[in-house]
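Enquirer: mmCIF, N, CA and C atoms, saved as model-v3.cif, coming up:
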data_input
#
loop_
_atom_site.label_atom_id
_atom_site.label_comp_id
_atom_site.auth_asym_id
_atom_site.auth_seq_id
_atom_site.Cartn_x
_atom_site.Cartn_y
_atom_site.Cartn_z
N MET A 26 90.85 56.96 75.27
CA MET A 26 90.94 58.17 76.08
C MET A 26 90.31 57.90 77.44
N GLY A 27 90.99 58.37 78.50
CA GLY A 27 90.47 58.21 79.84
C GLY A 27 89.63 59.40 80.26
N ASP A 28 89.21 59.37 81.50
CA ASP A 28 88.42 60.47 82.04
C ASP A 28 89.29 61.71 82.18
N ALA A 29 88.78 62.84 81.71
CA ALA A 29 89.49 64.11 81.84
C ALA A 29 89.23 64.69 83.22
N VAL A 30 90.29 65.08 83.88
CA VAL A 30 90.17 65.68 85.20
C VAL A 30 90.90 67.00 85.20
N ILE A 31 90.23 68.03 85.66
CA ILE A 31 90.87 69.34 85.77
C ILE A 31 91.51 69.43 87.14
N THR A 32 92.78 69.79 87.17
CA THR A 32 93.46 69.96 88.45
C THR A 32 94.11 71.33 88.49
N GLY A 33 94.13 71.89 89.67
CA GLY A 33 94.73 73.20 89.87
C GLY A 33 96.18 73.09 90.28
N GLU A 34 96.79 74.26 90.45
CA GLU A 34 98.19 74.35 90.84
C GLU A 34 98.30 75.18 92.11
N SER A 35 99.46 75.12 92.73
CA SER A 35 99.74 75.94 93.90
C SER A 35 100.31 77.28 93.45
N VAL A 36 99.81 78.38 94.01
CA VAL A 36 100.36 79.71 93.75
C VAL A 36 100.67 80.35 95.10
N VAL A 37 101.47 81.42 95.06
CA VAL A 37 101.81 82.13 96.29
C VAL A 37 101.31 83.57 96.17
N VAL A 38 100.47 83.98 97.12
CA VAL A 38 99.95 85.33 97.17
C VAL A 38 100.86 86.15 98.08
N HIS A 39 101.30 87.32 97.59
CA HIS A 39 102.16 88.23 98.35
C HIS A 39 101.36 89.50 98.63
N ARG A 40 101.30 89.89 99.91
CA ARG A 40 100.61 91.12 100.30
C ARG A 40 101.54 91.96 101.17
N ASP A 41 101.51 93.27 100.96
CA ASP A 41 102.24 94.19 101.83
C ASP A 41 101.29 94.68 102.92
N ILE A 42 101.70 94.48 104.16
CA ILE A 42 100.89 94.84 105.32
C ILE A 42 101.65 95.88 106.14
N GLN A 43 100.97 97.00 106.47
CA GLN A 43 101.62 97.99 107.33
C GLN A 43 101.55 97.49 108.76
N THR A 44 102.74 97.38 109.38
CA THR A 44 102.81 96.84 110.74
C THR A 44 103.07 97.90 111.79
N GLY A 45 103.22 99.15 111.36
CA GLY A 45 103.47 100.24 112.31
C GLY A 45 104.10 101.41 111.60
N GLU A 46 104.71 102.28 112.39
CA GLU A 46 105.42 103.44 111.86
C GLU A 46 106.77 103.54 112.52
N ASP A 47 107.76 104.07 111.77
CA ASP A 47 109.08 104.25 112.35
C ASP A 47 109.12 105.57 113.14
N ALA A 48 110.28 105.92 113.67
CA ALA A 48 110.44 107.12 114.50
C ALA A 48 110.11 108.40 113.75
N HIS A 49 110.13 108.36 112.43
CA HIS A 49 109.85 109.54 111.62
C HIS A 49 108.41 109.55 111.09
N GLY A 50 107.60 108.62 111.54
CA GLY A 50 106.21 108.55 111.12
C GLY A 50 106.00 107.87 109.78
N GLU A 51 107.05 107.28 109.24
CA GLU A 51 106.93 106.58 107.97
C GLU A 51 106.41 105.15 108.22
N PRO A 52 105.59 104.65 107.32
CA PRO A 52 105.04 103.30 107.53
C PRO A 52 106.11 102.22 107.48
N ILE A 53 105.96 101.25 108.35
CA ILE A 53 106.78 100.04 108.32
C ILE A 53 105.92 98.98 107.63
N VAL A 54 106.42 98.46 106.51
CA VAL A 54 105.65 97.52 105.70
C VAL A 54 106.35 96.17 105.69
N GLU A 55 105.57 95.13 105.89
CA GLU A 55 106.07 93.77 105.87
C GLU A 55 105.32 93.01 104.78
N THR A 56 106.02 92.22 104.00
CA THR A 56 105.37 91.39 102.98
C THR A 56 105.06 90.03 103.60
N VAL A 57 103.80 89.65 103.54
CA VAL A 57 103.38 88.34 104.02
C VAL A 57 102.98 87.50 102.82
N THR A 58 103.19 86.21 102.92
CA THR A 58 102.85 85.32 101.82
C THR A 58 101.84 84.27 102.27
N GLU A 59 101.08 83.78 101.31
CA GLU A 59 100.08 82.75 101.57
C GLU A 59 100.10 81.78 100.39
N ASP A 60 100.26 80.50 100.67
CA ASP A 60 100.16 79.48 99.64
C ASP A 60 98.69 79.15 99.42
N VAL A 61 98.26 79.13 98.17
CA VAL A 61 96.89 78.77 97.83
C VAL A 61 96.95 77.59 96.87
N GLU A 62 96.30 76.51 97.24
CA GLU A 62 96.29 75.28 96.44
C GLU A 62 95.10 75.28 95.48
N ASN A 63 95.21 74.46 94.45
CA ASN A 63 94.13 74.15 93.53
C ASN A 63 93.62 75.37 92.74
N VAL A 64 94.54 76.23 92.29
CA VAL A 64 94.20 77.38 91.46
C VAL A 64 94.39 76.97 90.00
N LEU A 65 93.37 77.21 89.18
CA LEU A 65 93.51 76.94 87.74
C LEU A 65 94.33 78.06 87.13
N VAL A 66 95.32 77.69 86.34
CA VAL A 66 96.23 78.65 85.71
C VAL A 66 96.08 78.54 84.20
N ALA A 67 95.71 79.66 83.58
CA ALA A 67 95.57 79.71 82.12
C ALA A 67 96.42 80.84 81.59
N PRO A 68 97.06 80.65 80.43
CA PRO A 68 97.83 81.75 79.85
C PRO A 68 96.94 82.94 79.58
N GLY A 69 97.53 84.13 79.68
CA GLY A 69 96.80 85.35 79.40
C GLY A 69 96.80 85.65 77.92
N PRO A 70 96.53 86.90 77.57
CA PRO A 70 96.49 87.29 76.16
C PRO A 70 97.82 86.99 75.46
N ARG A 71 97.76 86.68 74.19
CA ARG A 71 98.95 86.34 73.42
C ARG A 71 99.66 87.57 72.86
N ALA A 72 99.04 88.74 72.89
CA ALA A 72 99.63 89.94 72.29
C ALA A 72 100.56 90.63 73.27
N ASP A 73 101.74 91.00 72.79
CA ASP A 73 102.68 91.77 73.59
C ASP A 73 102.39 93.26 73.45
N ILE A 74 103.04 94.06 74.26
CA ILE A 74 102.94 95.51 74.14
C ILE A 74 103.50 95.90 72.78
N PRO A 75 102.84 96.81 72.04
CA PRO A 75 103.34 97.19 70.71
C PRO A 75 104.78 97.69 70.76
N ASP A 76 105.55 97.32 69.72
CA ASP A 76 106.96 97.71 69.64
C ASP A 76 107.17 99.21 69.71
N VAL A 77 106.20 99.98 69.26
CA VAL A 77 106.33 101.44 69.27
C VAL A 77 106.52 101.95 70.71
N PHE A 78 105.83 101.31 71.66
CA PHE A 78 105.88 101.77 73.04
C PHE A 78 107.01 101.13 73.85
N ARG A 79 107.41 99.92 73.50
CA ARG A 79 108.39 99.20 74.29
C ARG A 79 109.14 98.27 73.35
N PRO A 80 110.23 98.75 72.71
CA PRO A 80 110.90 97.99 71.65
C PRO A 80 111.24 96.55 72.01
N GLU A 81 111.65 96.30 73.22
CA GLU A 81 112.01 94.93 73.60
C GLU A 81 111.11 94.43 74.73
N GLY A 82 109.93 95.02 74.84
CA GLY A 82 109.04 94.69 75.95
C GLY A 82 108.28 93.40 75.72
N VAL A 83 107.92 92.79 76.82
CA VAL A 83 107.11 91.58 76.76
C VAL A 83 106.16 91.63 77.95
N THR A 84 104.96 91.13 77.77
CA THR A 84 104.00 91.09 78.85
C THR A 84 103.85 89.66 79.33
N VAL A 85 103.98 89.47 80.62
CA VAL A 85 103.75 88.16 81.23
C VAL A 85 102.39 88.24 81.88
N ALA A 86 101.48 87.35 81.53
CA ALA A 86 100.13 87.42 82.08
C ALA A 86 99.53 86.03 82.22
N PHE A 87 98.67 85.89 83.23
CA PHE A 87 97.92 84.67 83.44
C PHE A 87 96.50 85.04 83.84
N ASN A 88 95.58 84.16 83.53
CA ASN A 88 94.23 84.22 84.07
C ASN A 88 94.17 83.11 85.10
N LEU A 89 93.92 83.47 86.34
CA LEU A 89 93.86 82.50 87.44
C LEU A 89 92.41 82.34 87.87
N HIS A 90 92.07 81.15 88.32
CA HIS A 90 90.72 80.90 88.82
C HIS A 90 90.87 80.27 90.20
N PHE A 91 90.54 81.06 91.23
CA PHE A 91 90.70 80.61 92.61
C PHE A 91 89.54 79.72 93.04
N PRO A 92 89.85 78.72 93.88
CA PRO A 92 88.83 77.75 94.29
C PRO A 92 87.90 78.32 95.37
N LYS A 93 86.73 77.71 95.46
CA LYS A 93 85.81 77.99 96.57
C LYS A 93 86.45 77.43 97.83
N PRO A 94 86.31 78.02 98.96
CA PRO A 94 85.60 79.24 99.30
C PRO A 94 86.51 80.46 99.33
N TYR A 95 87.69 80.42 98.69
CA TYR A 95 88.65 81.52 98.75
C TYR A 95 88.02 82.80 98.21
N ASP A 96 87.96 83.83 99.06
CA ASP A 96 87.42 85.12 98.62
C ASP A 96 88.14 86.29 99.30
N THR A 97 89.41 86.08 99.63
CA THR A 97 90.21 87.12 100.25
C THR A 97 90.42 88.27 99.26
N ASP A 98 90.40 89.50 99.76
CA ASP A 98 90.63 90.67 98.91
C ASP A 98 92.04 90.61 98.35
N LEU A 99 92.16 90.62 97.02
CA LEU A 99 93.46 90.53 96.37
C LEU A 99 93.89 91.87 95.76
N SER A 100 93.17 92.94 96.04
CA SER A 100 93.55 94.27 95.53
C SER A 100 94.96 94.61 95.97
N GLY A 101 95.80 95.00 95.03
CA GLY A 101 97.18 95.39 95.36
C GLY A 101 98.12 94.24 95.65
N ALA A 102 97.63 93.01 95.59
CA ALA A 102 98.48 91.85 95.87
C ALA A 102 99.31 91.50 94.64
N ARG A 103 100.28 90.64 94.85
CA ARG A 103 101.09 90.07 93.78
C ARG A 103 101.01 88.55 93.94
N ILE A 104 101.08 87.84 92.83
CA ILE A 104 100.95 86.38 92.89
C ILE A 104 102.06 85.73 92.09
N SER A 105 102.75 84.77 92.71
CA SER A 105 103.78 83.98 92.03
C SER A 105 103.13 82.74 91.45
N VAL A 106 103.35 82.53 90.14
CA VAL A 106 102.80 81.39 89.43
C VAL A 106 103.97 80.57 88.90
N ARG A 107 103.97 79.28 89.19
CA ARG A 107 104.98 78.35 88.68
C ARG A 107 106.40 78.78 89.02
N GLY A 108 106.57 79.34 90.22
CA GLY A 108 107.90 79.71 90.70
C GLY A 108 108.47 80.97 90.09
N GLN A 109 107.70 81.67 89.28
CA GLN A 109 108.19 82.89 88.65
C GLN A 109 108.12 84.07 89.62
N GLU A 110 108.69 85.20 89.17
CA GLU A 110 108.60 86.43 89.95
C GLU A 110 107.12 86.79 90.13
N PRO A 111 106.78 87.45 91.24
CA PRO A 111 105.37 87.80 91.47
C PRO A 111 104.83 88.72 90.37
N LEU A 112 103.57 88.48 90.02
CA LEU A 112 102.85 89.27 89.03
C LEU A 112 101.81 90.12 89.75
N ASP A 113 101.53 91.31 89.23
CA ASP A 113 100.56 92.22 89.85
C ASP A 113 99.14 91.77 89.56
N VAL A 114 98.29 91.79 90.60
CA VAL A 114 96.86 91.53 90.41
C VAL A 114 96.25 92.75 89.75
N ILE A 115 95.44 92.54 88.74
CA ILE A 115 94.77 93.62 88.04
C ILE A 115 93.40 93.84 88.66
N GLY A 116 93.16 95.06 89.12
CA GLY A 116 91.86 95.41 89.68
C GLY A 116 91.59 94.81 91.04
N SER A 117 90.31 94.58 91.31
CA SER A 117 89.85 94.04 92.58
C SER A 117 88.93 92.85 92.31
N PRO A 118 89.52 91.66 92.16
CA PRO A 118 88.73 90.48 91.77
C PRO A 118 87.62 90.16 92.77
N GLU A 119 86.50 89.72 92.23
CA GLU A 119 85.34 89.31 93.02
C GLU A 119 84.90 87.93 92.56
N PRO A 120 84.43 87.08 93.48
CA PRO A 120 83.95 85.76 93.06
C PRO A 120 82.58 85.84 92.41
N TYR A 121 82.29 84.83 91.59
CA TYR A 121 80.93 84.66 91.07
C TYR A 121 80.05 84.21 92.23
N THR A 122 78.75 84.20 92.03
CA THR A 122 77.85 83.66 93.06
C THR A 122 77.96 82.14 93.06
N LEU A 123 77.66 81.54 94.19
CA LEU A 123 77.70 80.08 94.29
C LEU A 123 76.73 79.44 93.31
N ALA A 124 75.59 80.06 93.09
CA ALA A 124 74.58 79.49 92.19
C ALA A 124 75.08 79.42 90.75
N ASN A 125 76.02 80.28 90.39
CA ASN A 125 76.51 80.31 89.01
C ASN A 125 77.84 79.61 88.81
N THR A 126 78.30 78.88 89.80
CA THR A 126 79.59 78.19 89.68
C THR A 126 79.45 76.75 90.17
N PRO A 127 79.07 75.85 89.28
CA PRO A 127 78.89 74.46 89.68
C PRO A 127 80.22 73.71 89.89
N THR A 128 81.33 74.29 89.42
CA THR A 128 82.63 73.62 89.59
C THR A 128 83.27 74.06 90.91
N LEU A 129 84.52 73.66 91.12
CA LEU A 129 85.24 74.01 92.34
C LEU A 129 85.78 75.43 92.35
N TRP A 130 85.79 76.12 91.18
CA TRP A 130 86.44 77.43 91.07
C TRP A 130 85.41 78.52 90.86
N TRP A 131 85.67 79.68 91.48
CA TRP A 131 84.65 80.72 91.39
C TRP A 131 85.17 82.14 91.32
N MET A 132 86.46 82.36 91.45
CA MET A 132 86.95 83.74 91.43
C MET A 132 88.04 83.90 90.37
N PRO A 133 87.72 84.58 89.25
CA PRO A 133 88.75 84.83 88.23
C PRO A 133 89.64 85.99 88.65
N VAL A 134 90.94 85.82 88.44
CA VAL A 134 91.93 86.83 88.80
C VAL A 134 92.91 86.98 87.65
N GLU A 135 93.08 88.20 87.15
CA GLU A 135 94.07 88.46 86.11
C GLU A 135 95.31 89.03 86.74
N VAL A 136 96.48 88.54 86.29
CA VAL A 136 97.76 89.04 86.78
C VAL A 136 98.66 89.32 85.59
N SER A 137 99.54 90.33 85.75
CA SER A 137 100.47 90.63 84.66
C SER A 137 101.68 91.38 85.17
N ARG A 138 102.69 91.43 84.31
CA ARG A 138 103.91 92.20 84.56
C ARG A 138 104.49 92.54 83.21
N ALA A 139 104.92 93.78 83.02
CA ALA A 139 105.56 94.17 81.76
C ALA A 139 107.05 94.25 81.99
N ASP A 140 107.82 93.57 81.16
CA ASP A 140 109.28 93.58 81.24
C ASP A 140 109.84 94.29 80.00
N GLY A 141 110.93 94.98 80.19
CA GLY A 141 111.60 95.57 79.03
C GLY A 141 111.53 97.06 79.00
#
Go ahead and express the file in the form of structure tokens.

Expert:
Amino acid sequence: MGDAVITGESVVVHRDIQTGEDAHGEPIVETVTEDVENVLVAPGPRADIPDVFRPEGVTVAFNLHFPKPYDTDLSGARISVRGQEPLDVIGSPEPYTLANTPTLWWMPVEVSRADG
């Protein structure tokens, strides 16, 4: 057995940014994307939504770990993992303190999407 090395993957963060208002006062929203390298990607929970609530439903979820020094606010963002459709960020992820993260990664982010 050789040396084990943990490597991250590239993900794409999608954010909707209001860039102005139209003639009727409605917001003009533009989606901007950002490639983030070296994100650890782990499968999310193995349980699907119960059949009672969604007979053919399935939950797509990942636990992502963003590298230092990335600490951009991801509230309301969507993230594409492995070329899939964007998944919704759950909550408002915050990084751990530097003192408590001896590795390269410090901000856990949960993402999911329910289909069906």

Enquirer: Quote the spacing between atom N of A:Ile53 and atom C of A:His39 in Å to one decimal place.

Expert: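 Atom-to-atom, atom N of A:Ile53 and atom C of A:His39 are spaced 15.9 Å apart.
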
Enquirer: For A:Thr84, which residue among A:Leu112, A:Ala102, A:Val64, A:Val38 is the nearest when counting only C-alpha atoms?

Expert: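 Smallest distance to A:Thr84 is found for A:Leu112.
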
Enquirer: Once DSSP has gone over the backbone, tell me which residues of chain A are in strand (DSSP E), as a PyMOL selection string.

Expert: chain A and resi 34-46+52-68+83-92+103-106+112-114+130-140

Enquirer: Between atom CA of A:Asp96 and atom C of A:Ser137, measure the distance and give it in Å to one decimal.

Expert: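 Separating atom CA of A:Asp96 from atom C of A:Ser137 is a distance of 20.6 Å.
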
Enquirer: I'd like the neighbourhood of A:Pro120 as a list in words, where a residue qualifies if any of its atoms comes within 6 Å (using all atoms listed in the file), though same-chain residues fewer than 3 positions away should be ignored.

Expert: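 Here the qualifying residues turn out to be Trp131, Met132 and Pro133 of chain A.
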
Enquirer: So how many Å separate atom CA of A:Thr97 and atom CA of A:Thr126, to one decimal?

Expert: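 Atom CA of A:Thr126 lies 17.4 Å from atom CA of A:Thr97.
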
Enquirer: When distances are computed from only N, CA and C atoms, which of A:Val106, A:Ile42, A:Val37, A:Ala86 shows the smallest separation from A:Val61?

Expert: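 Of all the options, A:Val37 lies closest to A:Val61.
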
Enquirer: If you count only C-alpha atoms, which residues fall within 10 Å of A:Gly116, apart from same-chain ones fewer than 4 positions away, as a PyMOL selection string?

Expert: chain A and resi 99-102+134-136

Enquirer: My list of candidates is A:Trp130, A:Thr58, A:Arg107, A:Gln43. Which is closest to A:Phe91 when distances are computed with all atoms listed in the file?

Expert: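 Under the stated criterion, the closest residue is A:Trp130.
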
Enquirer: Hey, which of A:Asp98, A:Glu46, A:Glu62, A:Glu51 ends up closest to A:Glu34? Count only N, CA and C atoms.

Expert: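 Checking each candidate against A:Glu34, we get A:Glu62 as the closest.
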
Enquirer: Please give the centre and size of the box around stretch 103-118 of chain A (axis-aligned, containing every atom listed in the file, 6 Å added per side), with values in Å to one decimal and written as lines of an AutoDock Vina configuration file.

Expert:
center_x = 98.2
center_y = 86.9
center_z = 91.4
size_x = 33.1
size_y = 29.1
size_z = 18.8

Enquirer: Check the smallest atom-to-atom distance from each of A:Asp41, A:Ile31, A:Arg103, A:Asp113 to A:Val57 using only N, CA and C atoms, then report the winner.

Expert: A:Asp41

Enquirer: With only N, CA and C atoms as the basis for distance, which of A:Thr32, A:Pro111, A:Pro92, A:Ser105 is at the shortest distance from A:Thr128?

Expert: A:Pro92

Enquirer: Would you pick out the contacts of A:Leu65 at 5 Å or less, using only N, CA and C atoms, so that residues sharing its chain but fewer than 5 positions from it are not included, and give the list as a ChimeraX atom specification?

Expert: /A:33-34,89-90

Enquirer: Could the residues in this selection be saved with N, CA and C atoms as an mmCIF file, in the coordinates of the input?

Expert:
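File result19.cif, as written:
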data_model
loop_
_atom_site.group_PDB
_atom_site.id
_atom_site.type_symbol
_atom_site.label_atom_id
_atom_site.label_comp_id
_atom_site.auth_asym_id
_atom_site.auth_seq_id
_atom_site.Cartn_x
_atom_site.Cartn_y
_atom_site.Cartn_z
ATOM 1 N N GLY A 33 94.130 71.890 89.670
ATOM 2 C CA GLY A 33 94.730 73.200 89.870
ATOM 3 C C GLY A 33 96.180 73.090 90.280
ATOM 4 N N GLU A 34 96.790 74.260 90.450
ATOM 5 C CA GLU A 34 98.190 74.350 90.840
ATOM 6 C C GLU A 34 98.300 75.180 92.110
ATOM 7 N N LEU A 89 93.920 83.470 86.340
ATOM 8 C CA LEU A 89 93.860 82.500 87.440
ATOM 9 C C LEU A 89 92.410 82.340 87.870
ATOM 10 N N HIS A 90 92.070 81.150 88.320
ATOM 11 C CA HIS A 90 90.720 80.900 88.820
ATOM 12 C C HIS A 90 90.870 80.270 90.200
#
